[in-house]
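This report concerns only the one structure given below.
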Amino acid sequence: MSLRSFASPKTHFRIVQSGTPPSVDGLAITEPKYLECAECGARVRIDGPEGHTTTIDNLPHERDCGQRDVVSQYFEERFA
């Protein structure tokens with residue numbers, strides 16, 4: 001399988017804001033909460049300020065998602 005870069009203009013991801021008050025999830029309403037695939041809607045929670053490990057490699061894409069083969073450069077160098 002050939003892998004595509006998340007930086008390719010043909011891939012689309014979004015940062016989804018919390019949308020709830022801090023009393024619900026500890027985040028301000030406008031703070032980033034999820035990284036989301038724009039094609040299949042797969043989401044993964046974004047780490048807080050001390051943990052920066054969330055990447056597009058963590059997204060649980062649908063089996064038929066056209067972006068399932070998109071990975072970060074780090075993932076490609078370490079695991080591909």
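Residue names in the structure tokens use chain letters A, B, ... in the order shown, residue numbers from 1 in each chain, and ligand numbers from 1 in the order shown.
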Please identify all polymer residues within 9 Å of A:Arg14, counting only C-alpha atoms, omitting same-chain residues fewer than 3 positions from it, and present them as a VMD selection string. chain A and resid 34 to 38
Minimum-distance residue to A:Val71, chosen among A:Ser23, A:Asn58, A:Ser18, A:Thr53 (using only C-alpha atoms): A:Asn58
Within 10 Å of A:Thr30, counting only C-alpha atoms, which residues show up once you throw out same-chain ones fewer than 3 positions away? Write them as JSON, numbers by chain, please. {"A": [16, 17, 18, 19, 20, 21, 27, 33]}
Nearest-residue call for A:Thr55, choices A:Gln73, A:Ile29, A:Pro22, A:His12, using only C-alpha atoms: A:Gln73
Polymer residues at most 12 Å from A:Pro60, only C-alpha atoms, same-chain spacing of 2 or more positions, as a PyMOL selection string: chain A and resi 35-37+40-45+55-58+62-65+67-70
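The space between atom CA of A:Glu77 and atom CA of A:Ile46 spans 22.3 Å.
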